[in-house]
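Participant: Structure file query.txt (compact mmCIF, C-alpha atoms (C1' of nucleotides)) right here:
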```
# COMPACT_ATOMS: atom_id res chain seq x y z
CA MET K 4 -55.07 -95.48 27.11
CA ASP K 5 -55.18 -97.93 30.02
CA ASP K 6 -57.56 -100.46 28.55
CA LEU K 7 -56.34 -99.89 25.03
CA LEU K 8 -54.43 -103.16 24.99
CA GLU K 9 -57.53 -104.93 26.24
CA ARG K 10 -59.66 -103.43 23.45
CA LEU K 11 -57.09 -104.35 20.86
CA ARG K 12 -56.80 -107.92 22.05
CA GLU K 13 -60.55 -108.24 21.71
CA ARG K 14 -60.18 -107.14 18.14
CA GLY K 15 -57.77 -109.95 17.38
CA TRP K 16 -54.48 -108.15 17.90
CA ARG K 17 -51.56 -110.31 18.83
CA LEU K 18 -50.11 -108.73 21.90
CA THR K 19 -46.37 -108.51 21.38
CA SER K 20 -43.86 -106.76 23.62
CA GLN K 21 -43.20 -104.28 20.81
CA ARG K 22 -46.84 -103.27 20.52
CA ARG K 23 -47.14 -103.04 24.26
CA VAL K 24 -44.18 -100.68 24.46
CA VAL K 25 -45.46 -98.46 21.64
CA ALA K 26 -48.85 -98.23 23.33
CA GLU K 27 -47.18 -97.35 26.65
CA VAL K 28 -45.10 -94.62 25.03
CA LEU K 29 -48.29 -93.07 23.66
CA GLY K 30 -49.86 -93.04 27.11
CA GLY K 31 -50.75 -89.61 28.47
CA GLU K 32 -53.19 -87.15 27.06
CA HIS K 33 -51.09 -84.32 25.74
CA VAL K 34 -48.54 -86.15 23.66
CA HIS K 35 -47.95 -85.43 19.97
CA LEU K 36 -44.89 -87.44 19.05
CA THR K 37 -43.38 -88.16 15.66
CA ALA K 38 -42.74 -91.75 14.64
CA ASP K 39 -39.05 -91.31 15.32
CA GLU K 40 -39.73 -89.89 18.77
CA VAL K 41 -41.96 -92.85 19.51
CA HIS K 42 -39.21 -95.13 18.30
CA ALA K 43 -36.60 -93.45 20.50
CA ARG K 44 -38.76 -93.73 23.61
CA ALA K 45 -39.76 -97.28 22.82
CA ALA K 46 -36.14 -98.24 22.25
CA ALA K 47 -35.29 -96.96 25.72
CA ARG K 48 -37.38 -99.80 27.10
CA LEU K 49 -36.94 -102.38 24.38
CA PRO K 50 -33.66 -101.63 22.63
CA GLU K 51 -34.08 -104.04 19.74
CA ILE K 52 -37.38 -102.61 18.49
CA SER K 53 -37.14 -101.59 14.85
CA ARG K 54 -38.31 -98.49 13.10
CA ALA K 55 -40.42 -100.60 10.75
CA THR K 56 -42.38 -102.06 13.64
CA VAL K 57 -43.02 -98.63 15.11
CA TYR K 58 -44.34 -97.42 11.75
CA ASN K 59 -46.46 -100.56 11.37
CA THR K 60 -47.90 -100.31 14.85
CA LEU K 61 -48.68 -96.61 14.59
CA GLY K 62 -50.38 -97.23 11.26
CA GLU K 63 -52.51 -99.97 12.76
CA LEU K 64 -53.49 -97.85 15.75
CA VAL K 65 -54.56 -95.10 13.37
CA ALA K 66 -56.54 -97.54 11.20
CA LEU K 67 -58.28 -98.86 14.32
CA GLY K 68 -59.21 -95.33 15.35
CA GLU K 69 -57.23 -95.47 18.58
CA VAL K 70 -54.71 -92.81 17.61
CA LEU K 71 -54.95 -89.69 15.44
CA GLU K 72 -52.41 -88.83 12.79
CA LEU K 73 -51.59 -85.15 12.45
CA ALA K 74 -49.95 -83.35 9.54
CA THR K 75 -49.61 -79.91 11.05
CA ASP K 76 -46.48 -79.03 9.12
CA GLY K 77 -44.90 -80.47 6.03
CA ARG K 78 -42.50 -82.45 8.18
CA ALA K 79 -43.02 -85.64 10.11
CA ARG K 80 -46.52 -86.79 10.96
CA ARG K 81 -47.39 -86.70 14.64
CA TYR K 82 -49.42 -89.22 16.61
CA ASP K 83 -52.06 -88.18 19.12
CA PRO K 84 -53.43 -90.85 21.48
CA ASN K 85 -56.31 -88.64 22.56
CA ALA K 86 -58.62 -90.04 19.88
CA HIS K 87 -61.76 -90.54 21.92
CA ARG K 88 -62.43 -86.95 22.92
CA ALA K 89 -63.15 -84.52 20.08
CA HIS K 90 -60.60 -81.73 20.03
CA GLN K 91 -58.55 -79.55 17.72
CA HIS K 92 -54.95 -78.34 17.71
CA LEU K 93 -53.19 -75.08 18.46
CA VAL K 94 -49.72 -74.93 16.93
CA CYS K 95 -46.98 -72.41 17.65
CA SER K 96 -45.60 -70.93 14.44
CA GLY K 97 -42.33 -70.27 16.23
CA CYS K 98 -41.31 -73.46 17.99
CA GLY K 99 -43.90 -75.94 16.76
CA ALA K 100 -45.39 -76.63 20.19
CA ILE K 101 -48.81 -78.26 19.99
CA ARG K 102 -51.73 -78.06 22.42
CA ASP K 103 -55.07 -79.80 22.35
CA VAL K 104 -57.87 -77.24 22.35
CA HIS K 105 -61.65 -77.38 22.50
CA PRO K 106 -63.42 -74.77 20.37
CA HIS K 107 -67.16 -74.51 20.84
CA GLY K 108 -69.61 -75.63 18.23
CA ASP K 109 -69.09 -78.26 15.59
CA PRO K 110 -66.84 -77.04 12.77
CA LEU K 111 -68.63 -79.42 10.41
CA ALA K 112 -71.83 -77.45 10.84
CA ALA K 113 -70.21 -74.39 9.25
CA LEU K 114 -69.99 -76.09 5.85
CA PRO K 115 -73.32 -75.80 4.05
CA ALA K 116 -74.50 -78.53 1.68
CA ALA K 117 -73.89 -76.30 -1.30
CA GLU K 118 -70.22 -76.18 -0.35
CA ARG K 119 -69.85 -79.96 -0.09
CA PHE K 120 -69.86 -80.70 -3.83
CA GLY K 121 -71.34 -84.16 -3.41
CA PHE K 122 -68.71 -85.28 -0.92
CA ALA K 123 -69.80 -87.36 2.07
CA VAL K 124 -68.03 -85.15 4.60
CA THR K 125 -67.26 -86.94 7.84
CA ALA K 126 -64.71 -84.87 9.70
CA ALA K 127 -63.31 -81.38 10.13
CA GLU K 128 -59.80 -80.85 11.43
CA VAL K 129 -58.94 -77.38 12.64
CA THR K 130 -55.40 -76.16 13.13
CA TYR K 131 -55.12 -72.85 14.96
CA ARG K 132 -51.82 -71.09 14.43
CA GLY K 133 -50.07 -68.36 16.35
CA LEU K 134 -47.17 -67.65 18.68
CA CYS K 135 -46.97 -69.32 22.07
CA PRO K 136 -46.07 -67.27 25.16
CA ASP K 137 -42.42 -68.33 24.96
CA CYS K 138 -42.11 -67.27 21.32
CA LEU K 139 -44.03 -64.02 21.65
CA PRO K 140 -41.80 -60.90 21.44
CA GLN K 141 -41.31 -59.56 24.95
CA HIS K 142 -42.44 -55.98 25.67
CA GLY K 143 -40.85 -53.87 28.40
CA GLY K 144 -38.49 -56.61 29.53
CA MET U 29 -52.50 -64.20 -10.38
CA ASP U 30 -52.29 -61.81 -13.38
CA ASP U 31 -50.62 -58.88 -11.72
CA LEU U 32 -48.66 -61.08 -9.35
CA LEU U 33 -45.44 -60.54 -11.25
CA GLU U 34 -46.09 -56.80 -11.14
CA ARG U 35 -46.57 -56.86 -7.38
CA LEU U 36 -43.45 -58.93 -6.92
CA ARG U 37 -41.33 -56.65 -9.04
CA GLU U 38 -42.44 -53.75 -6.91
CA ARG U 39 -41.20 -55.64 -3.91
CA GLY U 40 -37.73 -55.94 -5.38
CA TRP U 41 -37.99 -59.34 -7.00
CA ARG U 42 -35.70 -59.98 -9.91
CA LEU U 43 -37.92 -61.19 -12.69
CA THR U 44 -36.28 -64.28 -14.15
CA SER U 45 -37.73 -66.63 -16.72
CA GLN U 46 -37.80 -69.38 -14.10
CA ARG U 47 -39.88 -67.35 -11.68
CA ARG U 48 -42.19 -66.27 -14.46
CA VAL U 49 -42.82 -69.88 -15.46
CA VAL U 50 -43.47 -71.00 -11.88
CA ALA U 51 -45.93 -68.16 -11.42
CA GLU U 52 -47.66 -69.07 -14.68
CA VAL U 53 -47.97 -72.72 -13.66
CA LEU U 54 -49.68 -71.62 -10.47
CA GLY U 55 -52.18 -69.55 -12.41
CA GLY U 56 -55.80 -70.58 -12.06
CA GLU U 57 -57.87 -70.63 -8.93
CA HIS U 58 -58.39 -74.28 -8.15
CA VAL U 59 -54.89 -75.64 -8.32
CA HIS U 60 -53.22 -77.48 -5.45
CA LEU U 61 -49.98 -78.80 -6.89
CA THR U 62 -47.03 -80.39 -5.16
CA ALA U 63 -43.57 -78.96 -5.73
CA ASP U 64 -42.73 -81.82 -8.06
CA GLU U 65 -45.90 -81.27 -10.06
CA VAL U 66 -45.04 -77.60 -10.37
CA HIS U 67 -41.57 -78.60 -11.48
CA ALA U 68 -42.92 -81.00 -14.10
CA ARG U 69 -45.26 -78.38 -15.56
CA ALA U 70 -42.63 -75.69 -15.44
CA ALA U 71 -40.11 -77.97 -17.15
CA ALA U 72 -42.56 -78.49 -20.00
CA ARG U 73 -42.08 -74.82 -20.85
CA LEU U 74 -38.53 -74.30 -19.65
CA PRO U 75 -36.80 -77.68 -19.73
CA GLU U 76 -33.66 -76.68 -17.90
CA ILE U 77 -35.39 -75.37 -14.78
CA SER U 78 -34.09 -77.11 -11.67
CA ARG U 79 -35.93 -78.58 -8.74
CA ALA U 80 -33.98 -76.33 -6.39
CA THR U 81 -35.27 -73.21 -8.13
CA VAL U 82 -38.85 -74.43 -7.97
CA TYR U 83 -38.49 -75.08 -4.23
CA ASN U 84 -36.84 -71.68 -3.73
CA THR U 85 -39.48 -69.84 -5.71
CA LEU U 86 -42.40 -71.56 -4.02
CA GLY U 87 -40.86 -70.81 -0.63
CA GLU U 88 -40.51 -67.15 -1.53
CA LEU U 89 -44.07 -66.91 -2.80
CA VAL U 90 -45.26 -68.41 0.47
CA ALA U 91 -43.13 -66.03 2.52
CA LEU U 92 -44.52 -63.11 0.54
CA GLY U 93 -48.06 -64.26 1.22
CA GLU U 94 -48.86 -64.82 -2.44
CA VAL U 95 -49.28 -68.58 -2.19
CA LEU U 96 -50.53 -70.86 0.59
CA GLU U 97 -48.71 -73.98 1.65
CA LEU U 98 -50.93 -76.93 2.58
CA ALA U 99 -50.04 -80.02 4.58
CA THR U 100 -53.24 -81.96 4.16
CA ASP U 101 -51.58 -85.35 4.32
CA GLY U 102 -48.22 -86.49 5.58
CA ARG U 103 -46.93 -86.47 2.03
CA ALA U 104 -45.80 -83.67 -0.16
CA ARG U 105 -46.82 -80.13 0.65
CA ARG U 106 -49.21 -78.54 -1.83
CA TYR U 107 -49.24 -74.98 -3.08
CA ASP U 108 -52.41 -72.96 -3.43
CA PRO U 109 -52.26 -69.69 -5.39
CA ASN U 110 -55.66 -68.59 -4.10
CA ALA U 111 -54.13 -66.72 -1.16
CA HIS U 112 -56.14 -63.53 -1.29
CA ARG U 113 -59.60 -64.92 -0.71
CA ALA U 114 -60.19 -66.64 2.65
CA HIS U 115 -61.18 -70.26 2.17
CA GLN U 116 -60.72 -73.74 3.57
CA HIS U 117 -60.15 -77.17 2.02
CA LEU U 118 -62.22 -80.26 1.42
CA VAL U 119 -60.09 -83.35 0.87
CA CYS U 120 -61.21 -86.74 -0.43
CA SER U 121 -60.03 -89.53 1.84
CA GLY U 122 -60.10 -91.89 -1.12
CA CYS U 123 -58.24 -90.23 -3.96
CA GLY U 124 -56.83 -87.11 -2.30
CA ALA U 125 -58.74 -84.66 -4.50
CA ILE U 126 -58.86 -81.17 -2.99
CA ARG U 127 -61.51 -78.46 -3.36
CA ASP U 128 -61.57 -74.94 -2.05
CA VAL U 129 -64.63 -74.40 0.14
CA HIS U 130 -66.17 -71.45 1.93
CA PRO U 131 -67.70 -72.31 5.32
CA HIS U 132 -69.70 -69.56 6.97
CA GLY U 133 -68.52 -67.78 10.05
CA ASP U 134 -64.94 -67.27 11.19
CA PRO U 135 -63.43 -70.47 12.61
CA LEU U 136 -61.16 -68.33 14.80
CA ALA U 137 -64.18 -67.03 16.69
CA ALA U 138 -64.96 -70.54 17.95
CA LEU U 139 -61.83 -70.62 20.11
CA PRO U 140 -62.47 -68.82 23.41
CA ALA U 141 -59.70 -66.95 25.18
CA ALA U 142 -59.55 -69.62 27.88
CA GLU U 143 -58.61 -72.12 25.20
CA ARG U 144 -55.79 -70.02 23.77
CA PHE U 145 -53.28 -70.61 26.57
CA GLY U 146 -51.54 -67.30 26.09
CA PHE U 147 -50.93 -67.86 22.38
CA ALA U 148 -51.39 -64.94 20.00
CA VAL U 149 -53.62 -66.89 17.62
CA THR U 150 -53.66 -65.47 14.11
CA ALA U 151 -55.12 -68.12 11.83
CA ALA U 152 -57.35 -71.16 11.68
CA GLU U 153 -56.98 -73.74 8.94
CA VAL U 154 -59.85 -76.14 8.47
CA THR U 155 -59.54 -79.40 6.56
CA TYR U 156 -62.85 -81.11 5.87
CA ARG U 157 -62.52 -84.81 5.06
CA GLY U 158 -64.81 -87.26 3.34
CA LEU U 159 -65.34 -89.22 0.16
CA CYS U 160 -65.81 -87.44 -3.14
CA PRO U 161 -68.59 -88.52 -5.52
CA ASP U 162 -66.17 -90.64 -7.57
CA CYS U 163 -64.92 -92.51 -4.50
CA LEU U 164 -68.30 -92.97 -2.85
CA PRO U 165 -69.54 -96.59 -2.95
CA GLN U 166 -72.19 -96.84 -5.66
CA HIS U 167 -75.68 -97.99 -4.65
CA GLY U 168 -78.00 -99.78 -7.07
CA GLY U 169 -75.54 -99.60 -9.89
C1' DA Q 11 -46.59 -128.79 28.47
C1' DT Q 12 -45.34 -128.50 23.65
C1' DC Q 13 -46.16 -127.98 18.96
C1' DC Q 14 -47.59 -125.40 14.98
C1' DT Q 15 -48.36 -121.77 12.11
C1' DA Q 16 -50.01 -117.49 10.68
C1' DA Q 17 -48.95 -113.23 12.32
C1' DC Q 18 -45.43 -110.38 13.66
C1' DT Q 19 -40.66 -108.34 13.69
C1' DT Q 20 -36.23 -107.27 11.83
C1' DG Q 21 -32.60 -104.77 9.26
C1' DG Q 22 -31.50 -102.97 5.33
C1' DA Q 23 -32.40 -101.42 0.75
C1' DC Q 24 -35.08 -98.26 -1.48
C1' DT Q 25 -38.24 -94.14 -2.52
C1' DT Q 26 -40.00 -89.65 -1.88
C1' DT Q 27 -39.64 -85.12 -0.38
C1' DG Q 28 -36.95 -81.48 0.79
C1' DT Q 29 -32.40 -78.81 1.88
C1' DC Q 30 -27.80 -77.13 1.05
C1' DC Q 31 -23.80 -75.57 -1.41
C1' DA Q 32 -20.07 -74.04 -4.57
C1' DA Q 33 -19.74 -72.56 -9.08
C1' DG Q 34 -21.72 -70.46 -12.99
C1' DT Q 35 -25.26 -67.12 -15.08
C1' DC Q 36 -27.95 -63.10 -15.76
C1' DA Q 37 -31.43 -58.96 -14.74
C1' DA Q 38 -31.35 -54.53 -13.80
C1' DT Q 39 -29.10 -50.46 -12.70
C1' DA Q 40 -25.73 -46.95 -13.77
C1' DT S 10 -22.63 -52.23 -22.28
C1' DA S 11 -20.14 -53.14 -18.07
C1' DT S 12 -20.85 -54.49 -13.47
C1' DT S 13 -22.42 -56.98 -9.66
C1' DG S 14 -25.16 -59.05 -6.39
C1' DA S 15 -29.04 -61.79 -6.83
C1' DC S 16 -30.42 -65.91 -8.98
C1' DT S 17 -29.93 -70.67 -10.88
C1' DT S 18 -27.92 -75.13 -11.37
C1' DG S 19 -26.83 -80.03 -10.47
C1' DG S 20 -25.56 -82.98 -7.37
C1' DA S 21 -24.77 -84.42 -2.78
C1' DC S 22 -27.05 -84.86 1.32
C1' DA S 23 -30.79 -85.44 4.92
C1' DA S 24 -35.25 -86.66 6.73
C1' DA S 25 -39.35 -89.37 6.62
C1' DG S 26 -41.51 -93.29 5.17
C1' DT S 27 -42.20 -97.90 2.56
C1' DC S 28 -41.15 -102.53 1.27
C1' DC S 29 -39.38 -107.14 1.50
C1' DA S 30 -37.30 -111.71 2.43
C1' DA S 31 -35.90 -114.11 6.29
C1' DG S 32 -36.25 -115.08 11.09
C1' DT S 33 -39.11 -115.14 15.46
C1' DT S 34 -43.08 -115.79 18.39
C1' DA S 35 -48.03 -115.48 20.55
C1' DG S 36 -51.52 -118.11 21.41
C1' DG S 37 -54.76 -121.74 19.91
C1' DA S 38 -54.71 -126.78 19.19
C1' DT S 39 -53.20 -131.13 20.81
```
Spell out the structure here as structure tokens.
Facilitator:
Amino acid sequence: MDDLLERLRERGWRLTSQRRVVAEVLGGEHVHLTADEVHARAAARLPEISRATVYNTLGELVALGEVLELATDGRARRYDPNAHRAHQHLVCSGCGAIRDVHPHGDPLAALPAAERFGFAVTAAEVTYRGLCPDCLPQHGG
Amino acid sequence: MDDLLERLRERGWRLTSQRRVVAEVLGGEHVHLTADEVHARAAARLPEISRATVYNTLGELVALGEVLELATDGRARRYDPNAHRAHQHLVCSGCGAIRDVHPHGDPLAALPAAERFGFAVTAAEVTYRGLCPDCLPQHGG
DNA sequence: ATCCTAACTTGGACTTTGTCCAAGTCAATA
DNA sequence: TATTGACTTGGACAAAGTCCAAGTTAGGAT
């Protein structure tokens, strides 16, 4: 995420304080924030930043391939800055906690041509679901 | 979907005309409707049915394991009546069309214990993405 | 340095999707 | 066929996201 701003500037981005703050908030590998969470954290540093700008900026980062957009539940989309290392997500059915995980093999390879129906398939997103240790019923406690 | 109502009655469901209509709308294997689409189709048969009842009924069908709830985009959840045969989804990035697909192997098996972080993992949902034939750029046409 | 302007940001109105509730209705049992 | 608790209704509300006209500003041009 460090040189993200550099890459974006090279692509013609105008580097505003708002965009800088949003990019900083997304720093760190294991973050999966909603747009409103990003806005709250950004506003802690730059109080006048608007929701619209956060939505715009997140949308641009997604379009540029710098951030992934997740729809793991039917609620708010989440934004994952770890876009440059292939990974999947493990979601707790209890509390909603999300972890990046690395299954082996390429999930795309499991879909034979006959099951592609003429689509040009480019990606496979896997969401593993289950209960995290904190949400698991305790035995013998 | 035929004997669905029978199964539900056995589980103590009260069989109202509204529930019957919602179940009928969901009939057919390759349907992935939003709640509002279900409501529109249900209202064609039973004009006074309310949105609240459609939401309630869909939620109950999901809780009973008779219908799957999909969050393939950040928009409306979609409801898939094909809950009894394991399958995954292929989604067109252009128009949003959805197809049921059957990859080989069990996607759960690709996640080693070391990548489960103490979660009790019970399911893996795979969303394949790409362009459908209608959205694919045409060559030589 | 400063000017200029297209690009960016803002706040608020608006839309879509979903939830909640009090009051009315009805399916299924006795 | 009477009863009753489960179900349904419509409308208010909430959450998540989009859109727009007006104001601001980054960064190239001078």
Participant: Define the interface residues of chain S facing chain U as those within 9 Å, counting only C-alpha atoms (C1' of nucleotides), and report them as a list in words.
Facilitator: DA15, DC16, DT17, DT18 and DG19 of chain S
Participant: Please report, as JSON, the centre and edge lengths in Å to one decimal of an axis-aligned box covering all listed atoms of region 73-86 of chain K with 5 Å per side.
Facilitator:
```
{"center_x": -50.6, "center_y": -84.9, "center_z": 14.3, "size_x": 26.1, "size_y": 21.8, "size_z": 26.5}
```
Participant: Give me the residues of chain K that have any atom at most 7 Å from an atom of chain U; for each, the nearest atom pair and the distance in Å, rounded to one decimal. Use only C-alpha atoms, sort by chain and number, and format it as JSON lines.
Facilitator:
```
{"residue": "K:Ala74", "atom": "CA", "partner": "U:Gly102", "partner_atom": "CA", "distance": 5.3}
{"residue": "K:Thr75", "atom": "CA", "partner": "U:Ala99", "partner_atom": "CA", "distance": 6.5}
{"residue": "K:Asp76", "atom": "CA", "partner": "U:Ala99", "partner_atom": "CA", "distance": 5.9}
{"residue": "K:Gly77", "atom": "CA", "partner": "U:Ala99", "partner_atom": "CA", "distance": 5.4}
{"residue": "K:Ala79", "atom": "CA", "partner": "U:Gly102", "partner_atom": "CA", "distance": 6.9}
{"residue": "K:Arg80", "atom": "CA", "partner": "U:Gly102", "partner_atom": "CA", "distance": 5.7}
{"residue": "K:Val104", "atom": "CA", "partner": "U:Glu143", "partner_atom": "CA", "distance": 5.9}
{"residue": "K:His105", "atom": "CA", "partner": "U:Glu143", "partner_atom": "CA", "distance": 6.6}
{"residue": "K:Pro106", "atom": "CA", "partner": "U:Leu139", "partner_atom": "CA", "distance": 4.5}
{"residue": "K:His107", "atom": "CA", "partner": "U:Ala138", "partner_atom": "CA", "distance": 5.4}
{"residue": "K:Gly108", "atom": "CA", "partner": "U:Ala138", "partner_atom": "CA", "distance": 6.9}
{"residue": "K:Ala113", "atom": "CA", "partner": "U:Pro131", "partner_atom": "CA", "distance": 5.1}
{"residue": "K:Leu114", "atom": "CA", "partner": "U:Pro131", "partner_atom": "CA", "distance": 4.5}
{"residue": "K:Pro115", "atom": "CA", "partner": "U:Pro131", "partner_atom": "CA", "distance": 6.7}
{"residue": "K:Glu118", "atom": "CA", "partner": "U:Val129", "partner_atom": "CA", "distance": 5.9}
{"residue": "K:Gly121", "atom": "CA", "partner": "U:Pro161", "partner_atom": "CA", "distance": 5.6}
{"residue": "K:Phe122", "atom": "CA", "partner": "U:Cys160", "partner_atom": "CA", "distance": 4.2}
{"residue": "K:Ala123", "atom": "CA", "partner": "U:Gly158", "partner_atom": "CA", "distance": 5.2}
{"residue": "K:Val124", "atom": "CA", "partner": "U:Gly158", "partner_atom": "CA", "distance": 4.1}
{"residue": "K:Thr125", "atom": "CA", "partner": "U:Gly158", "partner_atom": "CA", "distance": 5.1}
{"residue": "K:Ala126", "atom": "CA", "partner": "U:Arg157", "partner_atom": "CA", "distance": 5.1}
{"residue": "K:Ala127", "atom": "CA", "partner": "U:Tyr156", "partner_atom": "CA", "distance": 4.3}
{"residue": "K:Glu128", "atom": "CA", "partner": "U:Thr155", "partner_atom": "CA", "distance": 5.1}
{"residue": "K:Val129", "atom": "CA", "partner": "U:Val154", "partner_atom": "CA", "distance": 4.4}
{"residue": "K:Thr130", "atom": "CA", "partner": "U:Glu153", "partner_atom": "CA", "distance": 5.1}
{"residue": "K:Tyr131", "atom": "CA", "partner": "U:Ala152", "partner_atom": "CA", "distance": 4.3}
{"residue": "K:Arg132", "atom": "CA", "partner": "U:Ala151", "partner_atom": "CA", "distance": 5.1}
{"residue": "K:Gly133", "atom": "CA", "partner": "U:Val149", "partner_atom": "CA", "distance": 4.0}
{"residue": "K:Leu134", "atom": "CA", "partner": "U:Ala148", "partner_atom": "CA", "distance": 5.2}
{"residue": "K:Cys135", "atom": "CA", "partner": "U:Phe147", "partner_atom": "CA", "distance": 4.2}
{"residue": "K:Pro136", "atom": "CA", "partner": "U:Gly146", "partner_atom": "CA", "distance": 5.5}
```
Participant: Give me a file of those residues, with C-alpha atoms, as a PDB file, in the coordinates of the input.
Facilitator:
```pdb
ATOM      1  CA  ALA K  74     -49.950 -83.350   9.540  1.00  0.00           C
ATOM      2  CA  THR K  75     -49.610 -79.910  11.050  1.00  0.00           C
ATOM      3  CA  ASP K  76     -46.480 -79.030   9.120  1.00  0.00           C
ATOM      4  CA  GLY K  77     -44.900 -80.470   6.030  1.00  0.00           C
ATOM      5  CA  ALA K  79     -43.020 -85.640  10.110  1.00  0.00           C
ATOM      6  CA  ARG K  80     -46.520 -86.790  10.960  1.00  0.00           C
ATOM      7  CA  VAL K 104     -57.870 -77.240  22.350  1.00  0.00           C
ATOM      8  CA  HIS K 105     -61.650 -77.380  22.500  1.00  0.00           C
ATOM      9  CA  PRO K 106     -63.420 -74.770  20.370  1.00  0.00           C
ATOM     10  CA  HIS K 107     -67.160 -74.510  20.840  1.00  0.00           C
ATOM     11  CA  GLY K 108     -69.610 -75.630  18.230  1.00  0.00           C
ATOM     12  CA  ALA K 113     -70.210 -74.390   9.250  1.00  0.00           C
ATOM     13  CA  LEU K 114     -69.990 -76.090   5.850  1.00  0.00           C
ATOM     14  CA  PRO K 115     -73.320 -75.800   4.050  1.00  0.00           C
ATOM     15  CA  GLU K 118     -70.220 -76.180  -0.350  1.00  0.00           C
ATOM     16  CA  GLY K 121     -71.340 -84.160  -3.410  1.00  0.00           C
ATOM     17  CA  PHE K 122     -68.710 -85.280  -0.920  1.00  0.00           C
ATOM     18  CA  ALA K 123     -69.800 -87.360   2.070  1.00  0.00           C
ATOM     19  CA  VAL K 124     -68.030 -85.150   4.600  1.00  0.00           C
ATOM     20  CA  THR K 125     -67.260 -86.940   7.840  1.00  0.00           C
ATOM     21  CA  ALA K 126     -64.710 -84.870   9.700  1.00  0.00           C
ATOM     22  CA  ALA K 127     -63.310 -81.380  10.130  1.00  0.00           C
ATOM     23  CA  GLU K 128     -59.800 -80.850  11.430  1.00  0.00           C
ATOM     24  CA  VAL K 129     -58.940 -77.380  12.640  1.00  0.00           C
ATOM     25  CA  THR K 130     -55.400 -76.160  13.130  1.00  0.00           C
ATOM     26  CA  TYR K 131     -55.120 -72.850  14.960  1.00  0.00           C
ATOM     27  CA  ARG K 132     -51.820 -71.090  14.430  1.00  0.00           C
ATOM     28  CA  GLY K 133     -50.070 -68.360  16.350  1.00  0.00           C
ATOM     29  CA  LEU K 134     -47.170 -67.650  18.680  1.00  0.00           C
ATOM     30  CA  CYS K 135     -46.970 -69.320  22.070  1.00  0.00           C
ATOM     31  CA  PRO K 136     -46.070 -67.270  25.160  1.00  0.00           C
TER      32      PRO K 136
END
```
Participant: Compile a residue-level contact table for chain Q against chain U at a cut-off of 12 Å, reporting for every qualifying residue the shortest atom pair and its distance in Å to one decimal, with only C-alpha atoms (C1' of nucleotides) counted, rows ordered by chain and ascending number, as CSV.
Facilitator:
```
residue,atom,partner,partner_atom,distance
Q:DT26,C1',U:Ala104,CA,8.5
Q:DT27,C1',U:Ala104,CA,6.3
Q:DG28,C1',U:Tyr83,CA,8.3
Q:DT29,C1',U:Ala80,CA,8.8
Q:DC30,C1',U:Ala80,CA,9.7
Q:DC31,C1',U:Ala80,CA,11.4
Q:DT35,C1',U:Thr44,CA,11.4
Q:DC36,C1',U:Thr44,CA,8.6
Q:DA37,C1',U:Arg42,CA,6.5
Q:DA38,C1',U:Arg42,CA,8.0
Q:DT39,C1',U:Arg42,CA,11.9
```
Participant: Provide the CA of Leu61 (chain U) to CA of Tyr107 (chain U) distance in Å, to one decimal place.
Facilitator: 5.4 Å
Participant: By how many Å are CA of Leu36 (chain U) and CA of Cys98 (chain K) apart?
Facilitator: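 Separation between CA of Leu36 (chain U) and CA of Cys98 (chain K): 28.9 Å.
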Participant: Please measure the separation of CA of Glu69 (chain K) and CA of Ala125 (chain U), giving the value in Å to one decimal.
Facilitator: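 Computing it gives 25.5 Å between the two atoms.
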Participant: Choose the residue, out of U:Gly93, U:Leu32, U:Gly122, U:Glu88, that has the smallest atom-to-atom separation from Gly55 (chain U); count only C-alpha atoms.
Facilitator: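 Using only C-alpha atoms, Gly55 (chain U) sits closest to U:Leu32.
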Participant: Applying 9 Å and all atoms listed in the file, which residues near Leu49 (chain K) remain after dropping the ones on its own chain fewer than 4 positions away? List them as a ChimeraX atom specification.
Facilitator: /K:20-21,24,44-45
Participant: Atoms to include: C-alpha atoms. Write the selected residues as a short mmCIF file (atom, residue, chain, number, x, y, z; two decimals), in the frame of the given file.
Facilitator:
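To be explicit, this is the file written out as again30.cif:
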```cif
data_model
loop_
_atom_site.label_atom_id
_atom_site.label_comp_id
_atom_site.auth_asym_id
_atom_site.auth_seq_id
_atom_site.Cartn_x
_atom_site.Cartn_y
_atom_site.Cartn_z
CA SER K 20 -43.86 -106.76 23.62
CA GLN K 21 -43.20 -104.28 20.81
CA VAL K 24 -44.18 -100.68 24.46
CA ARG K 44 -38.76 -93.73 23.61
CA ALA K 45 -39.76 -97.28 22.82
#
```
Participant: Counting all atoms listed in the file, which residues sit no farther than 12 Å from the position (-57.7, -128.1, 17.3) in the file's frame? I'd like them as a list in words.
Facilitator: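 Selection result: DC13 and DC14 of chain Q; DG37, DA38 and DT39 of chain S.
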Participant: Could N, CA and C atoms be built for region 75-79 of chain K and written out as an mmCIF file, in the coordinates of the input?
Facilitator:
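What landed in result22.cif:
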```
data_model
loop_
_atom_site.group_PDB
_atom_site.id
_atom_site.type_symbol
_atom_site.label_atom_id
_atom_site.label_comp_id
_atom_site.auth_asym_id
_atom_site.auth_seq_id
_atom_site.Cartn_x
_atom_site.Cartn_y
_atom_site.Cartn_z
ATOM 1 N N THR K 75 -49.483 -81.347 10.788
ATOM 2 C CA THR K 75 -49.610 -79.910 11.050
ATOM 3 C C THR K 75 -48.556 -79.090 10.340
ATOM 4 N N ASP K 76 -47.456 -79.723 9.945
ATOM 5 C CA ASP K 76 -46.480 -79.030 9.120
ATOM 6 C C ASP K 76 -46.168 -79.956 7.957
ATOM 7 N N GLY K 77 -45.246 -79.589 7.131
ATOM 8 C CA GLY K 77 -44.900 -80.470 6.030
ATOM 9 C C GLY K 77 -43.862 -81.497 6.430
ATOM 10 N N ARG K 78 -43.532 -81.530 7.707
ATOM 11 C CA ARG K 78 -42.500 -82.450 8.180
ATOM 12 C C ARG K 78 -43.121 -83.764 8.621
ATOM 13 N N ALA K 79 -42.571 -84.327 9.668
ATOM 14 C CA ALA K 79 -43.020 -85.640 10.110
ATOM 15 C C ALA K 79 -44.446 -85.589 10.646
#
```
